>>> print(open('work34.txt').read())   # compact mmCIF, C-alpha atoms
# COMPACT_ATOMS: atom_id res chain seq x y z
CA ARG A 1 37.12 127.63 -147.64
CA GLN A 2 36.35 126.51 -144.08
CA LEU A 3 33.50 124.32 -145.28
CA ALA A 4 35.71 122.75 -147.96
CA THR A 5 38.40 122.04 -145.34
CA LEU A 6 35.91 120.42 -142.96
CA LEU A 7 34.48 118.28 -145.76
CA GLY A 8 37.99 117.34 -146.83
CA GLY A 9 38.68 116.22 -143.27
CA GLY A 10 35.97 113.60 -143.53
CA MET A 11 33.04 115.39 -141.88
CA SER A 12 29.58 115.05 -143.30
CA LEU A 13 27.96 118.20 -144.67
CA SER A 14 25.53 118.55 -141.75
CA GLU A 15 28.36 118.06 -139.20
CA ALA A 16 30.53 120.62 -140.98
CA LEU A 17 27.67 123.14 -141.05
CA ARG A 18 27.00 122.47 -137.36
CA SER A 19 30.67 123.09 -136.56
CA MET A 20 30.76 126.32 -138.59
CA GLY A 21 27.43 127.52 -137.19
CA GLY A 22 28.73 127.29 -133.64
CA ARG A 23 31.60 129.66 -134.46
CA THR A 24 29.85 132.11 -136.78
CA LYS A 25 27.74 134.95 -135.41
CA GLY A 26 25.43 137.48 -137.03
CA PRO A 27 23.46 137.13 -140.26
CA LEU A 28 25.88 134.60 -141.76
CA GLY A 29 25.52 132.44 -138.67
CA ALA A 30 21.75 132.45 -139.13
CA ILE A 31 22.15 131.40 -142.78
CA ILE A 32 24.50 128.59 -141.76
CA ALA A 33 22.04 127.43 -139.08
CA GLU A 34 19.22 127.39 -141.63
CA ALA A 35 21.43 125.49 -144.09
CA ARG A 36 22.34 122.96 -141.38
CA ASP A 37 18.67 122.41 -140.54
CA SER A 38 17.60 122.05 -144.17
CA VAL A 39 20.51 119.72 -145.03
CA SER A 40 19.69 117.60 -141.96
CA ALA A 41 16.09 117.44 -143.19
CA GLY A 42 17.25 116.14 -146.57
CA SER A 43 17.35 119.31 -148.68
CA MET A 44 20.27 120.39 -150.82
CA LEU A 45 22.68 123.08 -149.64
CA SER A 46 22.24 124.96 -152.91
CA ASP A 47 18.49 125.32 -152.25
CA THR A 48 19.24 127.18 -149.02
CA LEU A 49 21.91 129.35 -150.64
CA ARG A 50 19.50 130.28 -153.45
CA ARG A 51 17.21 131.94 -150.88
CA TYR A 52 19.91 134.55 -150.18
CA PRO A 53 20.78 136.16 -153.54
CA HIS A 54 22.22 139.24 -151.81
CA VAL A 55 24.84 136.99 -150.15
CA PHE A 56 25.39 134.16 -152.67
CA SER A 57 25.54 134.91 -156.39
CA ARG A 58 23.88 132.71 -158.99
CA LEU A 59 27.32 131.50 -160.01
CA VAL A 60 28.10 130.30 -156.47
CA VAL A 61 24.71 128.61 -156.14
CA SER A 62 25.15 126.88 -159.52
CA LEU A 63 28.64 125.67 -158.66
CA VAL A 64 27.46 124.31 -155.30
CA ARG A 65 24.57 122.55 -157.05
CA ALA A 66 26.98 121.04 -159.59
CA GLY A 67 29.29 119.93 -156.77
CA GLU A 68 26.39 118.32 -154.93
CA SER A 69 25.17 116.54 -158.05
CA GLY A 70 28.58 115.28 -159.06
CA GLY A 71 29.80 114.36 -155.59
CA LEU A 72 32.57 116.95 -155.78
CA LEU A 73 31.25 119.49 -153.28
CA GLU A 74 34.57 119.84 -151.46
CA ARG A 75 36.48 120.57 -154.66
CA MET A 76 33.79 122.98 -155.86
CA LEU A 77 33.77 124.87 -152.55
CA ASP A 78 37.54 125.16 -152.74
CA ARG A 79 37.29 126.57 -156.27
CA ILE A 80 34.60 129.03 -155.17
CA ALA A 81 36.86 130.20 -152.33
CA ALA A 82 39.78 130.66 -154.73
CA TYR A 83 37.56 132.60 -157.14
CA LEU A 84 36.23 134.88 -154.38
CA GLU A 85 39.75 135.55 -153.11
CA TYR A 86 40.82 136.42 -156.65
CA GLU A 87 37.83 138.74 -157.06
CA ILE A 88 38.63 140.51 -153.77
CA ASP A 89 42.24 140.94 -154.90
CA ILE A 90 41.15 142.43 -158.24
CA ARG A 91 38.73 144.82 -156.51
CA ARG A 92 41.51 145.92 -154.15
CA LYS A 93 43.81 146.58 -157.11
CA ILE A 94 41.10 148.59 -158.87
CA ALA A 95 40.46 150.64 -155.72
CA LEU A 96 44.19 151.39 -155.43
CA ALA A 97 44.37 152.36 -159.10
CA ILE A 98 41.41 154.73 -158.73
CA PHE A 99 42.61 156.30 -155.47
CA TYR A 100 45.14 158.72 -156.99
CA PRO A 101 42.84 160.11 -159.74
CA VAL A 102 40.06 160.65 -157.18
CA ILE A 103 42.41 162.57 -154.89
CA VAL A 104 43.55 164.70 -157.83
CA LEU A 105 39.94 165.47 -158.78
CA LEU A 106 39.10 166.40 -155.20
CA LEU A 107 42.08 168.73 -155.10
CA LEU A 108 40.98 170.37 -158.35
CA ILE A 109 37.85 171.71 -156.68
CA PRO A 110 39.69 174.07 -154.32
CA ALA A 111 42.30 174.76 -157.01
CA SER A 112 39.56 176.00 -159.32
CA GLN A 113 38.91 178.78 -156.83
CA LEU A 114 42.58 179.87 -156.45
CA GLU A 115 41.94 183.03 -158.43
CA VAL A 116 39.44 184.09 -155.78
CA LEU A 117 42.01 183.34 -153.07
CA MET A 118 44.70 185.43 -154.77
CA LEU A 119 42.46 188.40 -155.57
CA GLY A 120 39.94 188.39 -152.74
CA GLY A 121 41.73 186.83 -149.79
CA GLY A 122 40.85 183.97 -147.47
CA GLU A 123 37.28 184.95 -146.66
CA ALA A 124 36.34 185.31 -150.33
CA TYR A 125 38.02 181.95 -151.06
CA VAL A 126 36.05 180.17 -148.34
CA ALA A 127 32.84 181.82 -149.55
CA ALA A 128 33.57 180.74 -153.14
CA LEU A 129 34.25 177.15 -152.03
CA LYS A 130 31.07 177.14 -149.96
CA HIS A 131 29.07 178.40 -152.96
CA TRP A 132 30.67 175.74 -155.20
CA PHE A 133 29.78 172.93 -152.78
CA ILE A 134 26.23 174.21 -152.22
CA THR A 135 25.72 174.42 -155.98
CA TRP A 136 27.30 171.14 -157.08
CA THR A 137 26.82 168.69 -154.20
CA PRO A 138 23.05 168.20 -154.70
CA ARG A 139 23.55 167.78 -158.45
CA LEU A 140 26.26 165.19 -157.96
CA LEU A 141 24.23 163.28 -155.36
CA ILE A 142 21.16 163.23 -157.60
CA GLY A 143 23.32 162.02 -160.49
CA VAL A 144 24.85 159.20 -158.41
CA VAL A 145 21.45 158.09 -157.08
CA LEU A 146 19.94 158.20 -160.57
CA LEU A 147 22.79 156.13 -162.04
CA LYS A 148 22.58 153.63 -159.17
CA PHE A 149 18.83 153.28 -159.82
CA LEU A 150 19.21 152.93 -163.59
CA PHE A 151 21.92 150.27 -163.35
CA GLN A 152 19.57 147.99 -161.43
CA PHE A 153 17.89 147.13 -164.73
CA ALA A 154 19.33 144.58 -167.15
CA GLY A 155 18.52 146.76 -170.19
CA THR A 156 20.58 149.65 -168.87
CA LYS A 157 23.50 147.35 -168.10
CA ARG A 158 23.33 145.86 -171.63
CA ALA A 159 23.20 149.34 -173.20
CA TRP A 160 26.23 150.46 -171.15
CA ASP A 161 28.15 147.30 -172.11
CA GLY A 162 27.31 147.93 -175.78
CA PHE A 163 28.52 151.52 -175.46
CA LYS A 164 31.79 150.35 -173.87
CA ILE A 165 32.36 147.96 -176.77
CA ILE A 166 31.74 150.70 -179.34
CA VAL A 167 33.99 153.28 -177.65
CA PRO A 168 37.41 151.62 -177.15
CA VAL A 169 38.72 154.26 -174.74
CA VAL A 170 35.96 153.60 -172.21
>>> encode(input="work34.txt", output="structure tokens")
Amino acid sequence: RQLATLLGGGMSLSEALRSMGGRTKGPLGAIIAEARDSVSAGSMLSDTLRRYPHVFSRLVVSLVRAGESGGLLERMLDRIAAYLEYEIDIRRKIALAIFYPVIVLLLLIPASQLEVLMLGGGEAYVAALKHWFITWTPRLLIGVVLLKFLFQFAGTKRAWDGFKIIVPVV
């Protein structure tokens, strides 16, 4: 959004990147400095952004390239900013919607051992909880790591999407 505002104010792309680079620190500042240097040397901004796929998605790079080609970079950057703000808002809403069920599930773990608390007292309850965590934590961690690894592949993502289409509840 800052870049779109600077371009809208009449600055050239290299001047706008120079202005932003002076105020931005850390890894993003280094990316902006590289973009400023490459744009000053005659390269396209989208070529620099493409070198950082972990920061800029293919969609963002494609939209920047289209904006550069069509002479509408300011408008395209403004649309990208609006899209990213919308995406952040949706993610925040999803996180809020998931918060309550996660808390309930976490409370079910100690509740599952209430029988031990009632019959055996506090020490037995703590021992039962400790046993539950020692037994299930490694399994859950291995499951999460395995799923994270599997979903790095396009085939796994396509299979999961197909499954979600077949099963309406999911």
>>> atom_distance(input="work34.txt", atom1="CA of Arg51 (chain A)", atom2="CA of Ala35 (chain A)")
10.3 Å
>>> closest_residue(input="work34.txt", among="A:Leu119, A:Asp161, A:Leu45, A:Asp78", to="Ser62 (chain A)", atoms="all atoms listed in the file")
A:Leu45
>>> atom_distance(input="work34.txt", atom1="CA of Ala30 (chain A)", atom2="CA of Ser14 (chain A)")
14.6 Å
>>> closest_residue(input="work34.txt", among="A:Leu114, A:Leu96, A:Ile166, A:Leu3", to="Ala81 (chain A)", atoms="all atoms listed in the file")
A:Leu3
>>> closest_residue(input="work34.txt", among="A:Leu147, A:Leu13, A:Glu68, A:Ser57", to="Ser38 (chain A)", atoms="all atoms listed in the file")
A:Leu13
>>> atom_distance(input="work34.txt", atom1="CA of Ala95 (chain A)", atom2="CA of Leu107 (chain A)")
18.2 Å
>>> residues_around(input="work34.txt", residues="Arg1 (chain A)", least_positions_apart="3", cutoff="12 Å", atoms="all atoms listed in the file", output="JSON, numbers by chain")
{"A": [4, 5, 6, 7, 8, 16, 20, 73, 74, 75, 76, 77, 78, 79, 80, 81, 82, 83, 84, 85]}
>>> closest_residue(input="work34.txt", among="A:Val55, A:Met11, A:Val144, A:Ala41", to="Pro27 (chain A)", atoms="all atoms listed in the file")
A:Val55
>>> closest_residue(input="work34.txt", among="A:Ala128, A:Leu17, A:Val116, A:Leu72", to="Glu34 (chain A)", atoms="only C-alpha atoms")
A:Leu17
>>> closest_residue(input="work34.txt", among="A:Leu146, A:Ile109, A:Met118, A:Arg158", to="Phe133 (chain A)", atoms="only C-alpha atoms")
A:Ile109
>>> decode(input="work34.txt", residues="region 37-64 of chain A", atoms="N, CA, C and O atoms", output="compact mmCIF listing (two decimals), in the first residue's frame")
# COMPACT_ATOMS: atom_id res chain seq x y z
N ASP A 37 17.83 -1.52 -6.51
CA ASP A 37 19.02 -1.63 -7.35
C ASP A 37 18.70 -2.25 -8.70
O ASP A 37 19.19 -1.79 -9.74
N SER A 38 17.89 -3.29 -8.71
CA SER A 38 17.58 -3.95 -9.99
C SER A 38 16.69 -3.08 -10.86
O SER A 38 16.86 -3.04 -12.08
N VAL A 39 15.74 -2.35 -10.25
CA VAL A 39 14.88 -1.45 -11.03
C VAL A 39 15.72 -0.31 -11.59
O VAL A 39 15.55 0.09 -12.75
N SER A 40 16.66 0.21 -10.81
CA SER A 40 17.54 1.28 -11.28
C SER A 40 18.42 0.80 -12.43
O SER A 40 18.79 1.57 -13.31
N ALA A 41 18.74 -0.51 -12.41
CA ALA A 41 19.57 -1.08 -13.48
C ALA A 41 18.75 -1.45 -14.72
O ALA A 41 19.31 -1.92 -15.71
N GLY A 42 17.43 -1.29 -14.64
CA GLY A 42 16.60 -1.54 -15.82
C GLY A 42 15.77 -2.81 -15.75
O GLY A 42 15.05 -3.12 -16.70
N SER A 43 15.85 -3.56 -14.67
CA SER A 43 15.05 -4.79 -14.55
C SER A 43 13.63 -4.46 -14.11
O SER A 43 13.34 -3.34 -13.67
N MET A 44 12.78 -5.45 -14.18
CA MET A 44 11.40 -5.27 -13.75
C MET A 44 11.29 -5.63 -12.27
O MET A 44 12.00 -6.50 -11.77
N LEU A 45 10.38 -4.95 -11.57
CA LEU A 45 10.15 -5.21 -10.16
C LEU A 45 9.69 -6.65 -9.94
O LEU A 45 10.12 -7.31 -9.00
N SER A 46 8.88 -7.15 -10.83
CA SER A 46 8.35 -8.51 -10.69
C SER A 46 9.47 -9.56 -10.74
O SER A 46 9.36 -10.61 -10.10
N ASP A 47 10.54 -9.28 -11.48
CA ASP A 47 11.67 -10.23 -11.53
C ASP A 47 12.33 -10.35 -10.17
O ASP A 47 12.73 -11.44 -9.77
N THR A 48 12.45 -9.24 -9.46
CA THR A 48 13.04 -9.28 -8.12
C THR A 48 12.10 -10.00 -7.16
O THR A 48 12.54 -10.82 -6.35
N LEU A 49 10.81 -9.70 -7.23
CA LEU A 49 9.85 -10.32 -6.32
C LEU A 49 9.78 -11.83 -6.53
O LEU A 49 9.59 -12.59 -5.57
N ARG A 50 9.97 -12.28 -7.78
CA ARG A 50 9.91 -13.70 -8.08
C ARG A 50 11.02 -14.47 -7.38
O ARG A 50 10.89 -15.65 -7.10
N ARG A 51 12.12 -13.82 -7.05
CA ARG A 51 13.24 -14.50 -6.37
C ARG A 51 12.94 -14.79 -4.90
O ARG A 51 13.73 -15.45 -4.24
N TYR A 52 11.82 -14.31 -4.40
CA TYR A 52 11.47 -14.51 -2.99
C TYR A 52 10.07 -15.13 -2.87
O TYR A 52 9.13 -14.49 -2.41
N PRO A 53 9.94 -16.41 -3.27
CA PRO A 53 8.61 -17.04 -3.25
C PRO A 53 8.06 -17.24 -1.84
O PRO A 53 6.85 -17.37 -1.66
N HIS A 54 8.93 -17.25 -0.83
CA HIS A 54 8.44 -17.40 0.54
C HIS A 54 7.85 -16.10 1.08
O HIS A 54 7.16 -16.10 2.09
N VAL A 55 8.09 -14.98 0.39
CA VAL A 55 7.55 -13.68 0.80
C VAL A 55 6.42 -13.25 -0.14
O VAL A 55 5.37 -12.80 0.31
N PHE A 56 6.63 -13.41 -1.45
CA PHE A 56 5.66 -12.95 -2.45
C PHE A 56 5.11 -14.15 -3.20
O PHE A 56 5.86 -14.89 -3.85
N SER A 57 3.80 -14.33 -3.15
CA SER A 57 3.17 -15.46 -3.84
C SER A 57 3.22 -15.26 -5.35
O SER A 57 3.48 -14.17 -5.84
N ARG A 58 2.95 -16.36 -6.07
CA ARG A 58 2.93 -16.27 -7.53
C ARG A 58 1.85 -15.31 -8.00
O ARG A 58 2.01 -14.62 -9.00
N LEU A 59 0.74 -15.26 -7.27
CA LEU A 59 -0.34 -14.34 -7.62
C LEU A 59 0.15 -12.89 -7.55
O LEU A 59 -0.08 -12.10 -8.47
N VAL A 60 0.83 -12.55 -6.47
CA VAL A 60 1.33 -11.18 -6.31
C VAL A 60 2.33 -10.85 -7.41
O VAL A 60 2.26 -9.77 -8.03
N VAL A 61 3.25 -11.77 -7.68
CA VAL A 61 4.25 -11.53 -8.73
C VAL A 61 3.57 -11.35 -10.08
O VAL A 61 3.91 -10.45 -10.85
N SER A 62 2.57 -12.17 -10.38
CA SER A 62 1.85 -12.07 -11.66
C SER A 62 1.09 -10.75 -11.77
O SER A 62 1.08 -10.13 -12.84
N LEU A 63 0.47 -10.33 -10.69
CA LEU A 63 -0.26 -9.07 -10.72
C LEU A 63 0.68 -7.88 -10.89
O LEU A 63 0.37 -6.93 -11.62
N VAL A 64 1.84 -7.94 -10.23
CA VAL A 64 2.83 -6.86 -10.40
C VAL A 64 3.33 -6.84 -11.84
O VAL A 64 3.45 -5.77 -12.45
